[in-house]
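Engineer: Got coords-v5.cif for you, mmCIF, C-alpha atoms:
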```cif
data_target
#
loop_
_atom_site.label_atom_id
_atom_site.label_comp_id
_atom_site.auth_asym_id
_atom_site.auth_seq_id
_atom_site.Cartn_x
_atom_site.Cartn_y
_atom_site.Cartn_z
CA MET B 1 -141.84 56.94 28.39
CA ASP B 2 -144.80 56.72 26.01
CA LEU B 3 -143.17 56.45 22.59
CA ASP B 4 -144.49 53.93 20.09
CA PRO B 5 -142.49 50.98 18.70
CA VAL B 6 -141.29 51.05 15.09
CA THR B 7 -144.36 50.79 12.91
CA GLY B 8 -145.42 51.46 9.35
CA PRO B 9 -145.37 49.77 5.96
CA ALA B 10 -142.76 47.21 4.96
CA PRO B 11 -139.44 48.94 4.18
CA ASP B 12 -137.55 48.81 0.92
CA PRO B 13 -135.19 45.94 1.85
CA GLU B 14 -132.04 47.53 0.45
CA HIS B 15 -132.70 50.90 2.06
CA GLY B 16 -133.64 49.22 5.33
CA ARG B 17 -130.37 47.31 5.41
CA HIS B 18 -128.50 50.54 4.68
CA LEU B 19 -130.12 52.29 7.64
CA LEU B 20 -129.34 49.36 9.92
CA HIS B 21 -125.76 49.16 8.67
CA GLU B 22 -125.16 52.83 9.43
CA MET B 23 -126.60 52.60 12.94
CA LEU B 24 -124.61 49.45 13.70
CA ARG B 25 -121.48 51.08 12.32
CA ILE B 26 -121.82 53.98 14.78
CA ARG B 27 -122.57 51.65 17.70
CA ARG B 28 -119.62 49.33 17.05
CA PHE B 29 -117.24 52.22 16.37
CA GLU B 30 -118.04 53.81 19.71
CA GLU B 31 -117.92 50.51 21.61
CA LYS B 32 -114.37 50.11 20.28
CA CYS B 33 -113.61 53.70 21.30
CA VAL B 34 -114.45 52.80 24.90
CA GLU B 35 -111.85 50.01 24.80
CA LEU B 36 -109.26 52.29 23.26
CA TYR B 37 -109.95 54.99 25.81
CA SER B 38 -109.44 52.52 28.64
CA ALA B 39 -106.17 51.52 27.01
CA GLN B 40 -105.18 55.22 26.92
CA LYS B 41 -104.94 55.21 23.15
CA ILE B 42 -107.56 57.98 23.15
CA ARG B 43 -107.13 60.82 25.62
CA GLY B 44 -108.99 63.94 26.67
CA PHE B 45 -112.76 64.18 26.85
CA MET B 46 -114.98 61.78 24.94
CA HIS B 47 -118.77 61.79 24.74
CA LEU B 48 -120.57 58.78 23.32
CA TYR B 49 -123.64 58.75 21.07
CA ILE B 50 -124.73 55.19 21.90
CA GLY B 51 -128.53 55.01 21.99
CA GLU B 52 -129.06 58.02 19.72
CA GLU B 53 -127.93 56.47 16.42
CA ALA B 54 -131.36 56.67 14.76
CA VAL B 55 -131.26 60.47 14.84
CA ALA B 56 -128.00 61.00 12.95
CA VAL B 57 -128.72 58.24 10.45
CA GLY B 58 -132.33 59.24 9.81
CA VAL B 59 -131.62 62.95 9.43
CA MET B 60 -128.55 62.49 7.24
CA GLU B 61 -130.64 60.55 4.72
CA SER B 62 -132.59 63.75 4.03
CA LEU B 63 -129.52 65.82 3.13
CA GLU B 64 -127.65 66.28 -0.12
CA ARG B 65 -123.93 66.49 -0.79
CA GLU B 66 -123.83 70.31 -0.93
CA ASP B 67 -125.73 70.77 2.32
CA ALA B 68 -123.81 71.66 5.48
CA VAL B 69 -123.82 69.88 8.83
CA VAL B 70 -122.97 71.44 12.19
CA ALA B 71 -122.83 69.12 15.20
CA THR B 72 -122.13 68.98 18.91
CA TYR B 73 -119.28 67.47 20.95
CA ARG B 74 -121.15 64.14 20.83
CA GLU B 75 -120.52 63.99 17.10
CA HIS B 76 -118.83 60.70 16.18
CA GLY B 77 -122.18 59.39 14.91
CA HIS B 78 -122.96 62.53 12.94
CA ALA B 79 -119.53 62.46 11.29
CA LEU B 80 -119.72 58.78 10.36
CA ALA B 81 -123.24 59.09 8.97
CA ARG B 82 -122.23 62.17 6.99
CA GLY B 83 -119.43 60.29 5.26
CA VAL B 84 -116.33 61.33 7.19
CA SER B 85 -114.10 58.27 7.10
CA ALA B 86 -113.77 56.11 10.20
CA ALA B 87 -110.00 56.20 9.70
CA SER B 88 -109.74 59.99 9.84
CA ILE B 89 -112.02 60.15 12.89
CA MET B 90 -110.02 57.49 14.73
CA ALA B 91 -106.71 59.16 13.81
CA GLU B 92 -108.11 62.43 15.13
CA MET B 93 -108.88 60.84 18.47
CA PHE B 94 -105.41 59.30 18.55
CA GLY B 95 -104.00 62.82 18.09
CA LYS B 96 -102.33 62.02 14.78
CA VAL B 97 -101.62 64.42 11.91
CA GLU B 98 -103.67 62.20 9.59
CA GLY B 99 -106.80 62.93 11.66
CA ALA B 100 -109.71 65.00 10.40
CA SER B 101 -108.40 68.07 12.28
CA ARG B 102 -104.70 67.13 12.21
CA GLY B 103 -105.12 65.54 15.62
CA ARG B 104 -105.50 68.94 17.25
CA GLY B 105 -109.19 68.77 18.01
CA GLY B 106 -109.67 65.28 19.34
CA SER B 107 -113.07 63.74 19.93
CA MET B 108 -114.97 67.02 20.25
CA HIS B 109 -113.63 68.88 17.19
CA ILE B 110 -114.02 66.67 14.13
CA PHE B 111 -114.08 68.79 10.97
CA ASP B 112 -114.14 67.74 7.33
CA ALA B 113 -114.56 70.30 4.56
CA THR B 114 -114.94 67.70 1.80
CA THR B 115 -118.18 66.40 3.31
CA ARG B 116 -119.16 69.91 4.52
CA PHE B 117 -119.04 68.72 8.12
CA PHE B 118 -118.40 71.86 10.19
CA GLY B 119 -117.83 70.32 13.60
CA GLY B 120 -117.71 69.09 16.34
CA ASN B 121 -118.23 72.05 18.74
CA ALA B 122 -117.20 71.73 22.38
CA ILE B 123 -119.32 74.64 23.63
CA VAL B 124 -122.98 73.89 24.39
CA GLY B 125 -125.03 75.72 21.76
CA GLY B 126 -121.86 76.93 20.03
CA GLY B 127 -122.82 75.42 16.70
CA LEU B 128 -126.10 77.33 16.42
CA PRO B 129 -124.66 80.72 15.37
CA ILE B 130 -122.27 78.96 12.99
CA ALA B 131 -125.20 77.25 11.30
CA VAL B 132 -127.08 80.53 10.99
CA GLY B 133 -124.00 82.12 9.42
CA LEU B 134 -123.62 79.31 6.89
CA ALA B 135 -127.29 79.55 5.99
CA LEU B 136 -127.08 83.33 5.64
CA ALA B 137 -124.21 82.93 3.17
CA ASP B 138 -126.25 80.46 1.13
CA LYS B 139 -129.25 82.76 1.04
CA MET B 140 -127.21 85.81 0.06
CA ARG B 141 -125.60 83.84 -2.78
CA GLY B 142 -128.87 82.29 -3.93
CA ARG B 143 -127.81 78.69 -3.28
CA ALA B 144 -130.61 76.18 -2.64
CA ARG B 145 -128.81 74.44 0.21
CA VAL B 146 -129.77 73.29 3.69
CA THR B 147 -127.64 73.81 6.78
CA CYS B 148 -128.49 71.11 9.31
CA CYS B 149 -127.64 71.95 12.91
CA PHE B 150 -127.66 69.27 15.63
CA PHE B 151 -127.74 70.26 19.30
CA GLY B 152 -128.97 68.87 22.59
CA GLU B 153 -131.86 70.10 24.69
CA GLY B 154 -129.32 71.60 27.10
CA ALA B 155 -128.55 74.21 24.42
CA VAL B 156 -132.10 75.50 24.71
CA ALA B 157 -131.08 77.24 27.94
CA GLU B 158 -128.30 79.15 26.18
CA GLY B 159 -128.61 82.64 24.74
CA GLU B 160 -127.30 81.45 21.38
CA PHE B 161 -130.36 79.26 20.98
CA HIS B 162 -132.80 82.17 21.19
CA GLU B 163 -130.62 84.53 19.14
CA SER B 164 -130.23 81.90 16.43
CA MET B 165 -133.93 81.00 16.33
CA ASN B 166 -134.86 84.66 16.11
CA LEU B 167 -132.41 85.60 13.35
CA ALA B 168 -133.08 82.47 11.29
CA ALA B 169 -136.82 83.13 11.36
CA LEU B 170 -136.50 86.90 10.91
CA TRP B 171 -134.28 86.52 7.85
CA GLY B 172 -135.96 83.38 6.49
CA LEU B 173 -132.72 81.37 6.51
CA PRO B 174 -132.45 77.79 5.21
CA VAL B 175 -131.64 76.01 8.48
CA LEU B 176 -132.89 72.66 9.69
CA PHE B 177 -132.57 72.76 13.48
CA VAL B 178 -132.41 69.25 14.97
CA CYS B 179 -132.71 69.12 18.76
CA GLU B 180 -131.57 65.77 20.17
CA ASN B 181 -133.57 65.74 23.37
CA ASN B 182 -132.03 62.98 25.50
CA LEU B 183 -133.53 64.49 28.68
CA TYR B 184 -130.23 65.28 30.41
CA ALA B 185 -127.99 68.33 30.07
CA MET B 186 -124.93 66.62 31.54
CA GLY B 187 -126.54 65.51 34.84
CA THR B 188 -129.54 67.86 34.94
CA HIS B 189 -132.93 66.50 33.93
CA ILE B 190 -134.90 68.76 31.62
CA GLU B 191 -137.69 69.07 34.18
CA ARG B 192 -135.23 70.74 36.58
CA SER B 193 -134.00 73.31 34.07
CA GLU B 194 -136.88 74.19 31.72
CA ALA B 195 -140.24 75.67 32.71
CA GLU B 196 -141.55 74.59 29.29
CA THR B 197 -140.30 71.07 28.53
CA ASN B 198 -141.99 70.85 25.12
CA ILE B 199 -139.00 71.98 23.07
CA ALA B 200 -140.86 72.01 19.76
CA LEU B 201 -143.55 74.22 21.25
CA LYS B 202 -140.88 76.60 22.51
CA ALA B 203 -139.25 76.77 19.06
CA SER B 204 -142.61 77.41 17.39
CA SER B 205 -142.83 80.71 19.29
CA TYR B 206 -140.22 81.95 16.83
CA GLU B 207 -142.71 81.53 13.99
CA MET B 208 -141.19 78.48 12.34
CA PRO B 209 -142.63 74.98 11.74
CA ALA B 210 -141.64 72.80 14.70
CA TRP B 211 -142.38 69.12 15.29
CA SER B 212 -141.43 66.34 17.68
CA VAL B 213 -140.56 62.84 16.51
CA ASP B 214 -139.63 59.54 18.16
CA GLY B 215 -135.84 59.66 18.05
CA MET B 216 -135.55 55.92 18.67
CA ASP B 217 -137.33 55.15 15.37
CA VAL B 218 -135.02 55.67 12.41
CA VAL B 219 -137.90 55.43 9.92
CA ALA B 220 -139.89 58.12 11.70
CA VAL B 221 -136.83 60.36 11.95
CA GLU B 222 -135.98 59.97 8.27
CA GLU B 223 -139.54 60.70 7.20
CA ALA B 224 -139.79 63.82 9.37
CA ALA B 225 -136.35 65.10 8.39
CA ARG B 226 -136.98 64.55 4.68
CA ARG B 227 -140.21 66.53 4.89
CA ALA B 228 -138.42 69.33 6.73
CA ALA B 229 -135.43 69.42 4.37
CA VAL B 230 -137.68 69.67 1.32
CA ALA B 231 -139.44 72.66 2.85
CA VAL B 232 -136.21 74.39 3.84
CA ARG B 233 -134.67 73.83 0.40
CA ALA B 234 -137.77 75.31 -1.21
CA GLY B 235 -137.06 78.59 0.57
CA THR B 236 -139.73 78.57 3.26
CA GLY B 237 -137.20 79.47 5.97
CA PRO B 238 -136.04 77.52 9.01
CA TYR B 239 -137.61 74.31 10.31
CA PHE B 240 -137.32 72.77 13.76
CA LEU B 241 -137.27 69.06 14.57
CA GLU B 242 -137.16 67.75 18.12
CA CYS B 243 -135.99 64.12 18.26
CA ARG B 244 -136.91 62.52 21.58
CA THR B 245 -134.12 60.10 22.35
CA TYR B 246 -131.90 58.81 25.15
CA ARG B 247 -128.19 58.22 25.60
CA PHE B 248 -127.43 54.82 27.05
CA ARG B 249 -124.00 55.79 28.37
CA ALA B 250 -122.91 58.44 30.84
CA HIS B 251 -122.45 62.04 29.74
CA SER B 252 -118.71 61.56 29.26
CA MET B 253 -116.00 59.09 30.19
CA TYR B 254 -115.46 60.94 33.49
CA ASP B 255 -119.11 60.92 34.54
CA PRO B 256 -119.97 58.63 37.52
CA GLU B 257 -123.63 58.89 36.41
CA LEU B 258 -125.20 59.37 39.82
CA TYR B 259 -128.09 61.51 38.60
CA ARG B 260 -130.37 58.88 37.05
CA ALA B 261 -131.74 55.55 38.18
CA LYS B 262 -130.54 52.32 36.61
CA GLU B 263 -134.17 51.33 36.19
CA GLU B 264 -134.75 54.35 33.95
CA VAL B 265 -131.78 53.43 31.77
CA ARG B 266 -132.98 49.83 31.60
CA MET B 267 -136.45 50.93 30.48
CA TRP B 268 -135.04 53.07 27.68
CA LYS B 269 -132.76 50.27 26.52
CA GLN B 270 -135.89 48.29 25.82
CA ARG B 271 -136.38 50.79 22.99
CA ASP B 272 -132.85 50.40 21.62
CA PRO B 273 -133.16 51.86 18.10
CA ILE B 274 -130.97 49.16 16.58
CA GLU B 275 -132.78 46.25 18.19
CA LEU B 276 -136.18 47.74 17.35
CA PHE B 277 -135.27 48.28 13.72
CA THR B 278 -133.58 44.90 13.36
CA GLY B 279 -136.72 43.22 14.64
CA TRP B 280 -138.83 45.24 12.23
CA LEU B 281 -136.64 44.25 9.27
CA GLN B 282 -136.72 40.61 10.32
CA LEU B 283 -140.50 40.77 10.62
CA HIS B 284 -140.69 41.93 7.01
CA GLY B 285 -138.06 39.47 5.76
CA ALA B 286 -135.54 42.21 4.88
CA VAL B 287 -132.68 40.67 6.93
CA ASP B 288 -131.82 37.24 8.24
CA ASP B 289 -129.12 35.86 10.52
CA GLU B 290 -126.67 35.39 7.67
CA SER B 291 -127.02 38.95 6.34
CA LEU B 292 -126.64 40.31 9.88
CA ARG B 293 -123.47 38.25 10.37
CA ARG B 294 -121.98 39.59 7.14
CA MET B 295 -122.91 43.13 8.13
CA GLU B 296 -121.16 42.77 11.48
CA GLU B 297 -118.05 41.34 9.80
CA GLU B 298 -117.89 44.19 7.30
CA ILE B 299 -118.18 46.79 10.07
CA ALA B 300 -115.58 45.03 12.24
CA ARG B 301 -113.17 45.02 9.30
CA GLU B 302 -113.66 48.75 8.67
CA ILE B 303 -113.05 49.58 12.34
CA ALA B 304 -109.95 47.38 12.51
CA GLU B 305 -108.56 49.17 9.46
CA ALA B 306 -109.35 52.55 11.04
CA ILE B 307 -107.45 51.60 14.19
CA ALA B 308 -104.48 50.35 12.18
CA PHE B 309 -104.49 53.65 10.24
CA ALA B 310 -104.53 55.64 13.47
CA GLU B 311 -101.82 53.52 15.08
CA ALA B 312 -99.56 54.06 12.08
CA GLY B 313 -100.25 57.80 12.00
CA THR B 314 -97.79 60.60 12.64
CA PRO B 315 -97.53 62.53 15.92
CA GLU B 316 -97.25 66.21 15.15
CA PRO B 317 -93.66 67.51 15.54
CA VAL B 318 -93.14 69.69 18.61
CA GLU B 319 -91.79 72.51 16.41
CA ASP B 320 -95.20 72.70 14.63
CA LEU B 321 -97.28 73.16 17.76
CA THR B 322 -97.74 76.92 17.25
CA LYS B 323 -98.50 76.50 13.55
CA TYR B 324 -102.10 77.33 12.53
CA VAL B 325 -102.77 79.08 15.84
CA TYR B 326 -102.85 82.34 13.92
CA ALA B 327 -103.32 82.91 10.19
CA GLU B 328 -100.20 82.03 8.26
CA ARG B 329 -98.46 85.04 6.65
CA ALA B 330 -98.01 84.89 2.91
CA PRO B 331 -94.33 84.42 1.94
#
```
Would it be possible to restate this file's structure as structure tokens?

Structural biologist:
Amino acid sequence: MDLDPVTGPAPDPEHGRHLLHEMLRIRRFEEKCVELYSAQKIRGFMHLYIGEEAVAVGVMESLEREDAVVATYREHGHALARGVSAASIMAEMFGKVEGASRGRGGSMHIFDATTRFFGGNAIVGGGLPIAVGLALADKMRGRARVTCCFFGEGAVAEGEFHESMNLAALWGLPVLFVCENNLYAMGTHIERSEAETNIALKASSYEMPAWSVDGMDVVAVEEAARRAAVAVRAGTGPYFLECRTYRFRAHSMYDPELYRAKEEVRMWKQRDPIELFTGWLQLHGAVDDESLRRMEEEIAREIAEAIAFAEAGTPEPVEDLTKYVYAERAP
């Protein structure tokens, strides 16, 4: 691990607090999800984003309202940072009709058309062709939009990755590819699955700009993503950003996590993106203990309201279970 600590000029205090708030919001939301999962309020598979918050928050700052976002099955953080309400995400995981996907998708299939959040995809690499399709539609219709596609480094081994890179570059499509390289594809370290472990270098072979950034530094991520989004929106074609990060929790709630040493996890936690950024803001006088306390209270209140909303939600009637499986016929 040779990544630098958060550095750079003093942040705009208001913007700095916003970035911290969003990262803390994701962290606290998922910590509560763990409790709810243990209490069997949330069922099925659940993959946590804890440790990677700086990526979603930093990248999302570079996007505009009309841009599209395609994410992975580890997407609670992406959805929250994009503006999907905590209440609709929680209701989705509770399996309630009021959830983002009517409670039918659960943790891995959060979808919200109003924020142009197109999943939540359970298949590794499955979001890549969707992102290319969205970007192709924008190009054909002359819309200056960006489609931002998040995926893990495990997707690099999939055929969809290479097909999507090739077509996006060949057709000059407006896609911002964001690889969240947390080193492990489930339990397989990247050095055991990739002959070339420099993901950005691999992407650059498809003739597109490709850069690596410290994914534990929200300021560095935002700066890199903003530069990339500006280029994509200007019509230069796709852009690739590799964010080198680490997930602090196991792959999923069912993972005994026997594939990595506790010492490795401990070392990465020393670069916790929230603690690093909080220290940086404190160093520059942008936050103090009182403002941090108020921030935590505000987030706790939002999460409590989201849980109450989910608890009070409606289980889907049994007679509706086959509804929406196929296209509804017009009356």

Engineer: Compare B:Met46, B:Met108, B:Leu20, B:Val124 by their minimum atom-to-atom distance to B:Glu275, counting only C-alpha atoms, and give me the closest one.

Structural biologist: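 Ranking B:Met46, B:Met108, B:Leu20, B:Val124 by distance to B:Glu275, first place goes to B:Leu20.
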
Engineer: Using all atoms listed in the file, which of the listed residues (B:Lys202, B:Ala310, B:Ala144, B:Asp112) sits closest to B:Val156?

Structural biologist: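 Ranking B:Lys202, B:Ala310, B:Ala144, B:Asp112 by distance to B:Val156, first place goes to B:Lys202.
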
Engineer: Taking (-126.3, 80.1, 1.4) in the coordinates of the supplied file, I want to know which residues reach to within 12 Å of it, counting only C-alpha atoms; could you give the answer as an mmCIF file with C-alpha atoms, in the coordinates of the input?

Structural biologist:
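This is the output file result-v9.cif:
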```cif
data_model
loop_
_atom_site.group_PDB
_atom_site.id
_atom_site.type_symbol
_atom_site.label_atom_id
_atom_site.label_comp_id
_atom_site.auth_asym_id
_atom_site.auth_seq_id
_atom_site.Cartn_x
_atom_site.Cartn_y
_atom_site.Cartn_z
ATOM 1 C CA GLU B 66 -123.830 70.310 -0.930
ATOM 2 C CA ASP B 67 -125.730 70.770 2.320
ATOM 3 C CA ALA B 68 -123.810 71.660 5.480
ATOM 4 C CA ALA B 131 -125.200 77.250 11.300
ATOM 5 C CA VAL B 132 -127.080 80.530 10.990
ATOM 6 C CA GLY B 133 -124.000 82.120 9.420
ATOM 7 C CA LEU B 134 -123.620 79.310 6.890
ATOM 8 C CA ALA B 135 -127.290 79.550 5.990
ATOM 9 C CA LEU B 136 -127.080 83.330 5.640
ATOM 10 C CA ALA B 137 -124.210 82.930 3.170
ATOM 11 C CA ASP B 138 -126.250 80.460 1.130
ATOM 12 C CA LYS B 139 -129.250 82.760 1.040
ATOM 13 C CA MET B 140 -127.210 85.810 0.060
ATOM 14 C CA ARG B 141 -125.600 83.840 -2.780
ATOM 15 C CA GLY B 142 -128.870 82.290 -3.930
ATOM 16 C CA ARG B 143 -127.810 78.690 -3.280
ATOM 17 C CA ALA B 144 -130.610 76.180 -2.640
ATOM 18 C CA ARG B 145 -128.810 74.440 0.210
ATOM 19 C CA VAL B 146 -129.770 73.290 3.690
ATOM 20 C CA THR B 147 -127.640 73.810 6.780
ATOM 21 C CA GLY B 172 -135.960 83.380 6.490
ATOM 22 C CA LEU B 173 -132.720 81.370 6.510
ATOM 23 C CA PRO B 174 -132.450 77.790 5.210
ATOM 24 C CA VAL B 175 -131.640 76.010 8.480
ATOM 25 C CA VAL B 232 -136.210 74.390 3.840
ATOM 26 C CA ARG B 233 -134.670 73.830 0.400
ATOM 27 C CA GLY B 235 -137.060 78.590 0.570
ATOM 28 C CA GLY B 237 -137.200 79.470 5.970
#
```

Engineer: Could you name the residues that touch B:Glu153 at 9 Å or less, counting only C-alpha atoms, but leaving out those on the same chain fewer than 2 positions away, as a list in words?

Structural biologist: Phe151, Ala155, Val156, Ala157, Cys179, Glu180, Asn181, Asn182, Leu183, Tyr184, Ala185, Ile190, Ile199 and Glu242 of chain B

Engineer: For B:Glu194, which residue among B:Leu241, B:Val57, B:Glu158, B:Glu52 is the nearest when counting only C-alpha atoms?

Structural biologist: B:Glu158

Engineer: Counting only C-alpha atoms, what is within 8 Å of B:Leu24, bar same-chain residues fewer than 5 positions away, as a list in words?

Structural biologist: Ile274, Glu296 and Ile299 of chain B

Engineer: Taking the file as shown, find all residues satisfying the PyMOL selection byres ((chain B and resi 102) around 12) and write them as a PDB file with C-alpha atoms, in the frame of the given file.

Structural biologist:
```pdb
ATOM      1  CA  SER B  88    -109.740  59.990   9.840  1.00  0.00           C
ATOM      2  CA  ILE B  89    -112.020  60.150  12.890  1.00  0.00           C
ATOM      3  CA  MET B  90    -110.020  57.490  14.730  1.00  0.00           C
ATOM      4  CA  ALA B  91    -106.710  59.160  13.810  1.00  0.00           C
ATOM      5  CA  GLU B  92    -108.110  62.430  15.130  1.00  0.00           C
ATOM      6  CA  MET B  93    -108.880  60.840  18.470  1.00  0.00           C
ATOM      7  CA  PHE B  94    -105.410  59.300  18.550  1.00  0.00           C
ATOM      8  CA  GLY B  95    -104.000  62.820  18.090  1.00  0.00           C
ATOM      9  CA  LYS B  96    -102.330  62.020  14.780  1.00  0.00           C
ATOM     10  CA  VAL B  97    -101.620  64.420  11.910  1.00  0.00           C
ATOM     11  CA  GLU B  98    -103.670  62.200   9.590  1.00  0.00           C
ATOM     12  CA  GLY B  99    -106.800  62.930  11.660  1.00  0.00           C
ATOM     13  CA  ALA B 100    -109.710  65.000  10.400  1.00  0.00           C
ATOM     14  CA  SER B 101    -108.400  68.070  12.280  1.00  0.00           C
ATOM     15  CA  GLY B 103    -105.120  65.540  15.620  1.00  0.00           C
ATOM     16  CA  ARG B 104    -105.500  68.940  17.250  1.00  0.00           C
ATOM     17  CA  GLY B 105    -109.190  68.770  18.010  1.00  0.00           C
ATOM     18  CA  GLY B 106    -109.670  65.280  19.340  1.00  0.00           C
ATOM     19  CA  SER B 107    -113.070  63.740  19.930  1.00  0.00           C
ATOM     20  CA  HIS B 109    -113.630  68.880  17.190  1.00  0.00           C
ATOM     21  CA  ILE B 110    -114.020  66.670  14.130  1.00  0.00           C
ATOM     22  CA  PHE B 111    -114.080  68.790  10.970  1.00  0.00           C
ATOM     23  CA  ASP B 112    -114.140  67.740   7.330  1.00  0.00           C
ATOM     24  CA  ALA B 310    -104.530  55.640  13.470  1.00  0.00           C
ATOM     25  CA  GLY B 313    -100.250  57.800  12.000  1.00  0.00           C
ATOM     26  CA  THR B 314     -97.790  60.600  12.640  1.00  0.00           C
ATOM     27  CA  PRO B 315     -97.530  62.530  15.920  1.00  0.00           C
ATOM     28  CA  GLU B 316     -97.250  66.210  15.150  1.00  0.00           C
ATOM     29  CA  PRO B 317     -93.660  67.510  15.540  1.00  0.00           C
ATOM     30  CA  ASP B 320     -95.200  72.700  14.630  1.00  0.00           C
ATOM     31  CA  LEU B 321     -97.280  73.160  17.760  1.00  0.00           C
ATOM     32  CA  LYS B 323     -98.500  76.500  13.550  1.00  0.00           C
ATOM     33  CA  TYR B 324    -102.100  77.330  12.530  1.00  0.00           C
TER      34      TYR B 324
END
```

Engineer: Please list as a list in words every residue within 6 Å of B:Gly215, counting all atoms listed in the file and excluding residues in the same chain fewer than 3 positions away.

Structural biologist: Val55, Cys243, Arg244 and Thr245 of chain B

Engineer: Save the residues we just selected, C-alpha atoms, as a PDB file, in the frame of the given file?

Structural biologist:
```pdb
ATOM      1  CA  VAL B  55    -131.260  60.470  14.840  1.00  0.00           C
ATOM      2  CA  CYS B 243    -135.990  64.120  18.260  1.00  0.00           C
ATOM      3  CA  ARG B 244    -136.910  62.520  21.580  1.00  0.00           C
ATOM      4  CA  THR B 245    -134.120  60.100  22.350  1.00  0.00           C
TER       5      THR B 245
END
```

Engineer: Give me the residues near stretch 268-271 of chain B as a ChimeraX atom specification, where near means some atom within 8 Å (using all atoms listed in the file) and where sequence neighbours in that chain fewer than 3 positions away do not count.

Structural biologist: /B:1,5,51,216,246,248,264-265,275-276

Engineer: Translate the PyMOL selection byres ((chain B and resi 22) around 10), as applied to the file shown, into an explicit residue set as a list in words.

Structural biologist: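 On this input, the PyMOL selection byres ((chain B and resi 22) around 10) captures Arg17, His18, Leu19, Leu20, His21, Met23, Leu24, Arg25, Ile26, Arg27, Glu53, Ala54, Ala56, Val57, Gly58, Gly77, Leu80, Ala81, Ile274 and Ile299 of chain B.
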
Engineer: For atom CA of B:Tyr259 and atom CA of B:Gly187, quote the distance in Å rounded to one decimal.

Structural biologist: 5.7 Å

Engineer: How many Å separate atom CA of B:Ala225 from atom CA of B:Glu31?

Structural biologist: 27.0 Å

Engineer: Report the distance between atom CA of B:Leu201 and atom CA of B:Tyr73 in Å, rounded to one decimal place.

Structural biologist: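 Atom-to-atom, atom CA of B:Leu201 to atom CA of B:Tyr73, that is 25.2 Å.
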
Engineer: Selected by the PyMOL selection byres ((chain B and resi 224) around 9) in the shown coordinates: which residues, as a list in words?

Structural biologist: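 Applied to this file, the PyMOL selection byres ((chain B and resi 224) around 9) selects Gly58, Val59, Ser62, Trp211, Ser212, Val213, Val219, Ala220, Val221, Glu222, Glu223, Ala225, Arg226, Arg227, Ala228, Ala229 and Leu241 of chain B.
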
Engineer: Here is a test: counting only C-alpha atoms, which residue of B:Ala200, B:Met253, B:Pro273, B:Ser85 is nearest to B:Ile42?

Structural biologist: B:Met253
